[in-house]
Structure formats: C-alpha cells, structure tokens
Amino acid sequence: MHILQTTRVFDGHFKVTQLLLQDGPAQFRRERFEPGHAVAALVFDTARQRYLLARQYRIGPEQEITELAAGMIDAPETAETAIRREILEELGYTVDRLTPIVTLWPSPGTSAETIAVFYAEVSRQTAPGGGLAAENERIETVEFTWEELLAEPWQDAKTLVAVQWVRLRG
C-alpha cells in the first residue's frame with residue numbers, strides 16, 4: 001500500500017488530511033486526524049508518597065476525567081522538555097527525575113498522534129498549577145495512594161498504560 005496524494009481538508013485548531021491510497025489495483029480515500037504529538041506523565045511525589053494526577057473537562061467524553069498530566073509538544077521542544085513544562089503548568093511541580101515509559105499511537109487507524117508517556121518523580125511544588133488561563137484550562141490536582149491508584153477503574157488509555165507500568169515495577 002502507498003499514498004498517491006495528500007490533501008489538507010481542515011486546518012483549524014486540529015488538522016485533517018485526506019489521503020488517496022493505492023493497494024494493488026484498488027484506490028481509496030481515508031481521512032487522518034492530525035492533532036500533533038503529545039506527552040503525558042504519571043507523577044509521583046516522593047516526599048509525600050502520593051501519585052498526582054489531573055482532573056479536567058475533556059471534549060471527547062464530554063465530562064471531567066482524571067488522567068495523567070499531559071499536553072502537546074510545542075516546536076522546537078523535545079518530549080522531555082514538554083512534559084516538564086506541562087507538569088509545572090498543570091500540577092505546579094518541578095521534576096526531579098524523569099523516566100520514559102513508551103511512545104504510543106493511541107488510535108493508529110484514524111490519527112497521526114503519538115503520546116510519549118513518562119514516569120516523573122517530584123518532591124517540591126514550586127508553582128500553583130491548575131493549568132493556563134490562556135489555554136482555557138481549569139485543572140484540579142488529584143492525589144492517590146499506591147492502593148487507590150491500583151484500585152481506580154481507569155478509562156483513559158495513556159493513564160492505564162502508565163499505571164500498569166508502575167504496577168509491574170511494584
């Protein structure tokens with residue numbers, strides 16, 4: 001299979017590209033959602049022995065959900081620089097130690113997005129957190145003990161991956 005043509009069909013906050021594909025004698029079109037590349041981290045406060053996650057309203061489920069601190073990589077940032085910035089903006093913590101978990105494709109059948117998932121250790125809050133007003137963010141920090149983290153029925157895929165990763169390292 002190969003791409004014959006790409007056409008940008010929507011160029012707003014997010015982007016959508018239509019691809020003309022060739023598979024043997026058959027040609028067909030598919031749309032690809034292109035939100036950009038993201039980062040996320042399961043944050044652990046080593047001083048207080050608590051996991052710190054973010055609760056905010058999300059358009060997809062049309063409700064508030066609790067998930068990893070996360071955001072988009074802004075050019076020319078690296079994934080590591082972006083997640084350090086996001087943890088400070090959303091939770092108010094400066095990262096002491098950062099461990100990569102995985103870079104994943106959350107929905108490869110329809111989206112070009114990747115998410116670099118990390119485990120971050122913190123020990124001091126240096127900012128208020130809560131997100132950026134300029135980005136219409138209202139983020140609440142939610143704390144979990146080890147037992148609470150494992151007992152929570154996570155529905156967000158990146159959060160589930162990170163929680164399973166830390167569980168395996170128990």
# chains A, B, ... in the order shown; residues from 1 in each chain; ligands from 1
call {"tool": "residues_around", "arguments": {"residues": "Ala26 in chain A", "least_positions_apart": "5", "cutoff": "12 Å", "atoms": "only C-alpha atoms", "output": "ChimeraX atom specification"}}
result
/A:1-4,20-21
call {"tool": "residues_around", "arguments": {"residues": "range 14-19 of chain A", "least_positions_apart": "3", "cutoff": "12 Å", "atoms": "only C-alpha atoms", "output": "PyMOL selection string"}}
result
chain A and resi 1-11+22+27-37+72+110-113
call {"tool": "write_last_selection", "arguments": {"atoms": "N, CA and C atoms", "output": "mmCIF file, in the first residue's frame"}}
result
data_model
loop_
_atom_site.group_PDB
_atom_site.id
_atom_site.type_symbol
_atom_site.label_atom_id
_atom_site.label_comp_id
_atom_site.auth_asym_id
_atom_site.auth_seq_id
_atom_site.Cartn_x
_atom_site.Cartn_y
_atom_site.Cartn_z
ATOM 1 N N MET A 1 0.850 -1.177 0.000
ATOM 2 C CA MET A 1 0.000 0.000 0.000
ATOM 3 C C MET A 1 0.891 1.235 0.000
ATOM 4 N N HIS A 2 0.504 2.244 -0.779
ATOM 5 C CA HIS A 2 1.244 3.501 -0.741
ATOM 6 C C HIS A 2 0.305 4.679 -0.987
ATOM 7 N N ILE A 3 0.778 5.842 -0.572
ATOM 8 C CA ILE A 3 -0.006 7.080 -0.661
ATOM 9 C C ILE A 3 0.254 7.737 -2.009
ATOM 10 N N LEU A 4 -0.822 8.003 -2.731
ATOM 11 C CA LEU A 4 -0.717 8.690 -4.016
ATOM 12 C C LEU A 4 -0.811 10.202 -3.869
ATOM 13 N N GLN A 5 -1.624 10.655 -2.902
ATOM 14 C CA GLN A 5 -1.868 12.089 -2.753
ATOM 15 C C GLN A 5 -2.347 12.388 -1.341
ATOM 16 N N THR A 6 -1.951 13.533 -0.807
ATOM 17 C CA THR A 6 -2.474 14.013 0.467
ATOM 18 C C THR A 6 -3.027 15.417 0.256
ATOM 19 N N THR A 7 -4.170 15.679 0.863
ATOM 20 C CA THR A 7 -4.824 16.982 0.752
ATOM 21 C C THR A 7 -5.297 17.407 2.132
ATOM 22 N N ARG A 8 -4.912 18.596 2.577
ATOM 23 C CA ARG A 8 -5.404 19.127 3.851
ATOM 24 C C ARG A 8 -6.849 19.553 3.644
ATOM 25 N N VAL A 9 -7.785 18.914 4.363
ATOM 26 C CA VAL A 9 -9.208 19.225 4.202
ATOM 27 C C VAL A 9 -9.764 20.061 5.346
ATOM 28 N N PHE A 10 -9.011 20.139 6.464
ATOM 29 C CA PHE A 10 -9.397 21.016 7.568
ATOM 30 C C PHE A 10 -8.131 21.494 8.242
ATOM 31 N N ASP A 11 -8.063 22.824 8.497
ATOM 32 C CA ASP A 11 -6.855 23.413 9.065
ATOM 33 C C ASP A 11 -7.231 24.393 10.171
ATOM 34 N N GLN A 22 -3.247 3.685 -2.715
ATOM 35 C CA GLN A 22 -3.230 2.637 -3.742
ATOM 36 C C GLN A 22 -2.884 1.330 -3.057
ATOM 37 N N GLN A 27 -7.887 1.840 -5.523
ATOM 38 C CA GLN A 27 -7.599 3.160 -4.945
ATOM 39 C C GLN A 27 -8.760 3.514 -4.027
ATOM 40 N N PHE A 28 -8.428 4.152 -2.886
ATOM 41 C CA PHE A 28 -9.469 4.587 -1.973
ATOM 42 C C PHE A 28 -8.966 5.761 -1.147
ATOM 43 N N ARG A 29 -9.906 6.465 -0.506
ATOM 44 C CA ARG A 29 -9.584 7.645 0.300
ATOM 45 C C ARG A 29 -9.825 7.356 1.776
ATOM 46 N N ARG A 30 -8.979 7.956 2.605
ATOM 47 C CA ARG A 30 -9.134 7.903 4.058
ATOM 48 C C ARG A 30 -8.781 9.275 4.620
ATOM 49 N N GLU A 31 -9.429 9.641 5.722
ATOM 50 C CA GLU A 31 -9.100 10.883 6.416
ATOM 51 C C GLU A 31 -8.260 10.527 7.637
ATOM 52 N N ARG A 32 -7.279 11.399 7.893
ATOM 53 C CA ARG A 32 -6.390 11.201 9.047
ATOM 54 C C ARG A 32 -6.450 12.447 9.926
ATOM 55 N N PHE A 33 -6.796 12.238 11.187
ATOM 56 C CA PHE A 33 -6.805 13.292 12.195
ATOM 57 C C PHE A 33 -5.362 13.570 12.592
ATOM 58 N N GLU A 34 -4.957 14.848 12.637
ATOM 59 C CA GLU A 34 -3.574 15.211 12.933
ATOM 60 C C GLU A 34 -3.513 16.250 14.056
ATOM 61 N N PRO A 35 -3.683 15.784 15.297
ATOM 62 C CA PRO A 35 -3.680 16.720 16.419
ATOM 63 C C PRO A 35 -2.291 17.184 16.843
ATOM 64 N N GLY A 36 -1.248 16.528 16.363
ATOM 65 C CA GLY A 36 0.117 16.842 16.796
ATOM 66 C C GLY A 36 0.637 15.721 17.673
ATOM 67 N N HIS A 37 1.744 15.972 18.342
ATOM 68 C CA HIS A 37 2.365 14.958 19.191
ATOM 69 C C HIS A 37 2.295 15.420 20.640
ATOM 70 N N MET A 72 0.569 19.008 24.677
ATOM 71 C CA MET A 72 1.168 18.921 23.352
ATOM 72 C C MET A 72 2.624 19.375 23.387
ATOM 73 N N THR A 110 -6.900 5.989 12.709
ATOM 74 C CA THR A 110 -7.512 7.248 12.278
ATOM 75 C C THR A 110 -6.669 8.483 12.578
ATOM 76 N N SER A 111 -5.626 8.346 13.383
ATOM 77 C CA SER A 111 -4.918 9.521 13.881
ATOM 78 C C SER A 111 -3.405 9.382 13.722
ATOM 79 N N ALA A 112 -2.749 10.514 13.450
ATOM 80 C CA ALA A 112 -1.288 10.569 13.360
ATOM 81 C C ALA A 112 -0.660 10.939 14.699
ATOM 82 N N GLU A 113 -1.470 11.104 15.740
ATOM 83 C CA GLU A 113 -0.959 11.500 17.053
ATOM 84 C C GLU A 113 -0.122 10.399 17.693
#
call {"tool": "closest_residue", "arguments": {"among": "A:Asp156, A:Ala41, A:Ala133, A:Val161", "to": "Gly60 in chain A", "atoms": "only C-alpha atoms"}}
result
A:Asp156
call {"tool": "select_by_dssp", "arguments": {"residues": "chain A", "states": "helix (DSSP H, G or I)", "output": "PyMOL selection string"}}
result
chain A and resi 79-91+133-135+146-151+157-169
call {"tool": "residues_around", "arguments": {"residues": "Leu88 in chain A", "least_positions_apart": "2", "cutoff": "12 Å", "atoms": "only C-alpha atoms", "output": "JSON list (two decimals) with C-alpha atoms, in the first residue's frame"}}
result
[["chain", "number", "residue", "atom", "x", "y", "z"],
["A", 41, "ALA", "CA", 3.38, 11.55, 32.83],
["A", 43, "VAL", "CA", 3.75, 11.91, 38.61],
["A", 52, "LEU", "CA", -0.54, 13.23, 41.41],
["A", 54, "ALA", "CA", -5.01, 15.93, 36.77],
["A", 69, "ALA", "CA", -0.65, 15.36, 33.44],
["A", 70, "ALA", "CA", -0.42, 15.82, 29.68],
["A", 71, "GLY", "CA", -0.15, 18.24, 26.80],
["A", 81, "THR", "CA", 11.13, 19.50, 27.85],
["A", 82, "ALA", "CA", 7.41, 19.49, 27.06],
["A", 83, "ILE", "CA", 6.45, 17.12, 29.89],
["A", 84, "ARG", "CA", 8.49, 19.09, 32.41],
["A", 85, "ARG", "CA", 6.62, 22.23, 31.30],
["A", 86, "GLU", "CA", 3.23, 20.50, 31.45],
["A", 90, "GLU", "CA", -0.83, 21.62, 35.43],
["A", 91, "LEU", "CA", 0.32, 20.38, 38.84],
["A", 92, "GLY", "CA", 2.80, 23.06, 39.94],
["A", 93, "TYR", "CA", 5.76, 20.71, 40.47],
["A", 94, "THR", "CA", 9.35, 20.79, 39.26],
["A", 95, "VAL", "CA", 10.54, 17.39, 38.04],
["A", 96, "ASP", "CA", 13.41, 15.73, 39.94],
["A", 120, "ALA", "CA", 8.09, 11.53, 36.82],
["A", 122, "VAL", "CA", 8.81, 15.22, 42.12],
["A", 124, "ARG", "CA", 8.54, 20.13, 45.75],
["A", 125, "GLN", "CA", 5.69, 22.26, 44.50],
["A", 126, "THR", "CA", 7.14, 25.45, 43.02],
["A", 127, "ALA", "CA", 4.06, 26.93, 41.28],
["A", 128, "PRO", "CA", 0.30, 26.94, 41.82],
["A", 129, "GLY", "CA", -0.55, 24.55, 38.97],
["A", 130, "GLY", "CA", -4.11, 24.45, 37.68],
["A", 131, "GLY", "CA", -3.24, 24.93, 34.01],
["A", 132, "LEU", "CA", -3.06, 28.06, 31.90],
["A", 139, "ILE", "CA", -7.15, 21.63, 36.23],
["A", 141, "THR", "CA", -4.72, 18.03, 41.17]]
call {"tool": "closest_residue", "arguments": {"among": "A:Ala151, A:Val142, A:Val102, A:Ala162", "to": "Ala79 in chain A", "atoms": "only C-alpha atoms"}}
result
A:Val102
call {"tool": "atom_distance", "arguments": {"atom1": "CA of Val39 in chain A", "atom2": "CA of Ala116 in chain A"}}
result
4.6 Å
call {"tool": "atom_distance", "arguments": {"atom1": "CA of Ile101 in chain A", "atom2": "CA of Val166 in chain A"}}
result
9.4 Å
call {"tool": "closest_residue", "arguments": {"among": "A:Trp105, A:Asp45, A:Glu67, A:Asp23", "to": "Pro153 in chain A", "atoms": "only C-alpha atoms"}}
result
A:Glu67
call {"tool": "closest_residue", "arguments": {"among": "A:Leu168, A:Ala40, A:Ala134, A:Ile87", "to": "Leu68 in chain A", "atoms": "only C-alpha atoms"}}
result
A:Ala40
call {"tool": "residues_around", "arguments": {"residues": "Arg50 in chain A", "least_positions_apart": "2", "cutoff": "7 Å", "atoms": "only C-alpha atoms", "output": "PyMOL selection string"}}
result
chain A and resi 44-45+48+52+143-145
call {"tool": "write_last_selection", "arguments": {"atoms": "C-alpha atoms", "output": "compact mmCIF listing (two decimals), in the first residue's frame"}}
result
# COMPACT_ATOMS: atom_id res chain seq x y z
CA PHE A 44 4.89 10.60 41.99
CA ASP A 45 5.61 12.95 44.90
CA ARG A 48 4.56 12.79 50.37
CA LEU A 52 -0.54 13.23 41.41
CA GLU A 143 -3.81 12.67 44.87
CA PHE A 144 -3.74 8.87 45.10
CA THR A 145 -2.03 6.46 47.43
call {"tool": "select_by_dssp", "arguments": {"residues": "chain A", "states": "strand (DSSP E)", "output": "compact mmCIF listing (two decimals) with N, CA and C atoms, in the first residue's frame"}}
result
# COMPACT_ATOMS: atom_id res chain seq x y z
N HIS A 2 0.50 2.24 -0.78
CA HIS A 2 1.24 3.50 -0.74
C HIS A 2 0.31 4.68 -0.99
N ILE A 3 0.78 5.84 -0.57
CA ILE A 3 -0.01 7.08 -0.66
C ILE A 3 0.25 7.74 -2.01
N LEU A 4 -0.82 8.00 -2.73
CA LEU A 4 -0.72 8.69 -4.02
C LEU A 4 -0.81 10.20 -3.87
N GLN A 5 -1.62 10.65 -2.90
CA GLN A 5 -1.87 12.09 -2.75
C GLN A 5 -2.35 12.39 -1.34
N THR A 6 -1.95 13.53 -0.81
CA THR A 6 -2.47 14.01 0.47
C THR A 6 -3.03 15.42 0.26
N THR A 7 -4.17 15.68 0.86
CA THR A 7 -4.82 16.98 0.75
C THR A 7 -5.30 17.41 2.13
N ARG A 8 -4.91 18.60 2.58
CA ARG A 8 -5.40 19.13 3.85
C ARG A 8 -6.85 19.55 3.64
N VAL A 9 -7.79 18.91 4.36
CA VAL A 9 -9.21 19.23 4.20
C VAL A 9 -9.76 20.06 5.35
N PHE A 10 -9.01 20.14 6.46
CA PHE A 10 -9.40 21.02 7.57
C PHE A 10 -8.13 21.49 8.24
N ASP A 11 -8.06 22.82 8.50
CA ASP A 11 -6.86 23.41 9.06
C ASP A 11 -7.23 24.39 10.17
N LYS A 15 -5.95 19.48 12.67
CA LYS A 15 -5.82 19.34 11.23
C LYS A 15 -6.39 17.99 10.81
N VAL A 16 -6.94 17.95 9.59
CA VAL A 16 -7.41 16.70 9.00
C VAL A 16 -6.86 16.66 7.57
N THR A 17 -6.25 15.55 7.22
CA THR A 17 -5.70 15.34 5.88
C THR A 17 -6.44 14.18 5.24
N GLN A 18 -6.78 14.33 3.96
CA GLN A 18 -7.35 13.22 3.21
C GLN A 18 -6.24 12.59 2.38
N LEU A 19 -6.15 11.28 2.43
CA LEU A 19 -5.13 10.55 1.70
C LEU A 19 -5.78 9.72 0.60
N LEU A 20 -5.19 9.73 -0.58
CA LEU A 20 -5.58 8.85 -1.66
C LEU A 20 -4.57 7.71 -1.65
N LEU A 21 -5.05 6.50 -1.43
CA LEU A 21 -4.18 5.33 -1.25
C LEU A 21 -4.33 4.37 -2.42
N GLN A 22 -3.25 3.68 -2.71
CA GLN A 22 -3.23 2.64 -3.74
C GLN A 22 -2.88 1.33 -3.06
N ASP A 23 -3.74 0.33 -3.25
CA ASP A 23 -3.48 -1.00 -2.72
C ASP A 23 -3.72 -1.99 -3.86
N ALA A 26 -6.61 -1.35 -6.46
CA ALA A 26 -7.65 -0.54 -5.82
C ALA A 26 -7.10 0.79 -5.32
N GLN A 27 -7.89 1.84 -5.52
CA GLN A 27 -7.60 3.16 -4.95
C GLN A 27 -8.76 3.51 -4.03
N PHE A 28 -8.43 4.15 -2.89
CA PHE A 28 -9.47 4.59 -1.97
C PHE A 28 -8.97 5.76 -1.15
N ARG A 29 -9.91 6.46 -0.51
CA ARG A 29 -9.58 7.65 0.30
C ARG A 29 -9.83 7.36 1.78
N ARG A 30 -8.98 7.96 2.60
CA ARG A 30 -9.13 7.90 4.06
C ARG A 30 -8.78 9.28 4.62
N GLU A 31 -9.43 9.64 5.72
CA GLU A 31 -9.10 10.88 6.42
C GLU A 31 -8.26 10.53 7.64
N ARG A 32 -7.28 11.40 7.89
CA ARG A 32 -6.39 11.20 9.05
C ARG A 32 -6.45 12.45 9.93
N PHE A 33 -6.80 12.24 11.19
CA PHE A 33 -6.81 13.29 12.19
C PHE A 33 -5.36 13.57 12.59
N GLU A 34 -4.96 14.85 12.64
CA GLU A 34 -3.57 15.21 12.93
C GLU A 34 -3.51 16.25 14.06
N HIS A 37 1.74 15.97 18.34
CA HIS A 37 2.36 14.96 19.19
C HIS A 37 2.30 15.42 20.64
N ALA A 38 1.99 14.49 21.51
CA ALA A 38 1.70 14.82 22.91
C ALA A 38 2.66 14.11 23.86
N VAL A 39 2.60 14.56 25.11
CA VAL A 39 3.35 13.96 26.21
C VAL A 39 2.41 13.77 27.39
N ALA A 40 2.75 12.83 28.25
CA ALA A 40 1.96 12.59 29.46
C ALA A 40 2.87 11.95 30.49
N ALA A 41 2.55 12.15 31.78
CA ALA A 41 3.38 11.55 32.83
C ALA A 41 2.56 11.17 34.04
N LEU A 42 2.89 10.00 34.58
CA LEU A 42 2.42 9.61 35.90
C LEU A 42 3.40 10.23 36.88
N VAL A 43 2.90 11.13 37.71
CA VAL A 43 3.75 11.91 38.61
C VAL A 43 3.66 11.34 40.02
N PHE A 44 4.82 11.12 40.63
CA PHE A 44 4.89 10.60 41.99
C PHE A 44 5.65 11.58 42.87
N ASP A 45 4.99 12.05 43.93
CA ASP A 45 5.61 12.95 44.90
C ASP A 45 6.35 12.09 45.92
N ARG A 50 2.70 10.16 47.29
CA ARG A 50 1.40 10.24 46.63
C ARG A 50 1.60 10.39 45.12
N TYR A 51 0.70 9.76 44.37
CA TYR A 51 0.65 9.95 42.92
C TYR A 51 -0.24 11.16 42.65
N LEU A 52 0.17 12.00 41.72
CA LEU A 52 -0.54 13.23 41.41
C LEU A 52 -1.06 13.17 39.97
N LEU A 53 -2.37 13.26 39.83
CA LEU A 53 -2.98 13.24 38.51
C LEU A 53 -3.81 14.50 38.33
N ALA A 54 -4.28 14.72 37.12
CA ALA A 54 -5.01 15.93 36.77
C ALA A 54 -6.47 15.58 36.48
N ARG A 55 -7.39 16.39 37.02
CA ARG A 55 -8.81 16.24 36.69
C ARG A 55 -9.23 17.50 35.93
N GLN A 56 -9.82 17.25 34.76
CA GLN A 56 -10.29 18.38 33.96
C GLN A 56 -11.38 17.92 32.99
N TYR A 57 -12.11 18.89 32.47
CA TYR A 57 -13.16 18.60 31.49
C TYR A 57 -12.49 18.24 30.17
N ARG A 58 -12.98 17.18 29.53
CA ARG A 58 -12.47 16.74 28.24
C ARG A 58 -13.61 16.64 27.23
N GLN A 63 -17.12 15.24 29.73
CA GLN A 63 -17.19 15.27 31.20
C GLN A 63 -15.79 15.45 31.76
N GLU A 64 -15.72 15.67 33.06
CA GLU A 64 -14.42 15.70 33.72
C GLU A 64 -13.89 14.29 33.86
N ILE A 65 -12.59 14.13 33.62
CA ILE A 65 -11.95 12.85 33.87
C ILE A 65 -10.63 13.09 34.60
N THR A 66 -10.18 12.06 35.27
CA THR A 66 -8.89 12.11 35.94
C THR A 66 -7.92 11.33 35.08
N GLU A 67 -6.76 11.95 34.81
CA GLU A 67 -5.79 11.36 33.89
C GLU A 67 -4.39 11.86 34.25
N ALA A 69 -0.99 14.02 33.92
CA ALA A 69 -0.65 15.36 33.44
C ALA A 69 -0.20 15.19 31.99
N ALA A 70 -0.69 16.03 31.09
CA ALA A 70 -0.42 15.82 29.68
C ALA A 70 -0.57 17.11 28.89
N GLY A 71 -0.02 17.10 27.69
CA GLY A 71 -0.15 18.24 26.80
C GLY A 71 0.58 18.00 25.50
N MET A 72 0.57 19.01 24.68
CA MET A 72 1.17 18.92 23.35
C MET A 72 2.62 19.38 23.39
N TYR A 93 4.55 21.36 39.96
CA TYR A 93 5.76 20.71 40.47
C TYR A 93 6.91 20.78 39.48
N THR A 94 8.12 20.88 40.03
CA THR A 94 9.35 20.79 39.26
C THR A 94 9.80 19.34 39.30
N VAL A 95 10.17 18.80 38.15
CA VAL A 95 10.54 17.39 38.04
C VAL A 95 11.96 17.16 38.56
N ASP A 96 12.10 16.15 39.44
CA ASP A 96 13.41 15.73 39.94
C ASP A 96 14.01 14.65 39.05
N ARG A 97 13.17 13.71 38.63
CA ARG A 97 13.65 12.57 37.84
C ARG A 97 12.58 12.17 36.85
N LEU A 98 12.99 11.89 35.62
CA LEU A 98 12.06 11.55 34.55
C LEU A 98 12.50 10.25 33.89
N THR A 99 11.55 9.31 33.78
CA THR A 99 11.83 8.00 33.17
C THR A 99 10.86 7.79 32.01
N PRO A 100 11.37 7.58 30.79
CA PRO A 100 10.46 7.28 29.67
C PRO A 100 9.83 5.90 29.85
N ILE A 101 8.54 5.80 29.54
CA ILE A 101 7.83 4.51 29.58
C ILE A 101 7.67 3.99 28.15
N VAL A 102 6.99 4.76 27.30
CA VAL A 102 6.73 4.32 25.93
C VAL A 102 6.24 5.52 25.12
N THR A 103 6.46 5.48 23.82
CA THR A 103 5.78 6.40 22.91
C THR A 103 4.77 5.54 22.16
N LEU A 104 3.50 5.91 22.26
CA LEU A 104 2.43 5.07 21.72
C LEU A 104 1.56 5.83 20.72
N THR A 114 0.97 10.82 18.35
CA THR A 114 1.71 9.94 19.24
C THR A 114 1.72 10.59 20.62
N ILE A 115 1.86 9.75 21.64
CA ILE A 115 1.97 10.26 23.01
C ILE A 115 3.20 9.62 23.64
N ALA A 116 4.14 10.46 24.06
CA ALA A 116 5.31 9.99 24.81
C ALA A 116 4.91 9.96 26.28
N VAL A 117 4.89 8.77 26.87
CA VAL A 117 4.44 8.59 28.25
C VAL A 117 5.66 8.41 29.15
N PHE A 118 5.65 9.12 30.28
CA PHE A 118 6.77 9.13 31.22
C PHE A 118 6.29 8.80 32.64
N TYR A 119 7.25 8.45 33.49
CA TYR A 119 7.07 8.39 34.93
C TYR A 119 7.94 9.51 35.49
N ALA A 120 7.35 10.39 36.29
CA ALA A 120 8.09 11.53 36.82
C ALA A 120 8.06 11.53 38.34
N GLU A 121 9.23 11.73 38.93
CA GLU A 121 9.31 11.89 40.38
C GLU A 121 9.51 13.36 40.69
N VAL A 122 8.74 13.83 41.67
CA VAL A 122 8.81 15.22 42.12
C VAL A 122 8.91 15.22 43.64
N SER A 123 9.35 16.36 44.21
CA SER A 123 9.41 16.44 45.67
C SER A 123 9.05 17.82 46.20
N ARG A 124 8.85 18.77 45.29
CA ARG A 124 8.54 20.13 45.75
C ARG A 124 7.62 20.84 44.76
N GLN A 125 6.60 21.45 45.31
CA GLN A 125 5.69 22.26 44.50
C GLN A 125 6.28 23.65 44.43
N GLU A 140 -7.59 20.45 38.26
CA GLU A 140 -7.51 20.15 39.68
C GLU A 140 -6.54 18.99 39.87
N THR A 141 -5.63 19.12 40.84
CA THR A 141 -4.72 18.03 41.17
C THR A 141 -5.45 17.04 42.07
N VAL A 142 -5.37 15.76 41.71
CA VAL A 142 -5.99 14.70 42.49
C VAL A 142 -4.87 13.77 42.97
N GLU A 143 -4.86 13.50 44.27
CA GLU A 143 -3.81 12.67 44.87
C GLU A 143 -4.32 11.26 45.11
N PHE A 144 -3.43 10.28 44.89
CA PHE A 144 -3.74 8.87 45.10
C PHE A 144 -2.62 8.20 45.88
call {"tool": "atom_distance", "arguments": {"atom1": "CA of His13 in chain A", "atom2": "CA of Glu80 in chain A"}}
result
23.4 Å
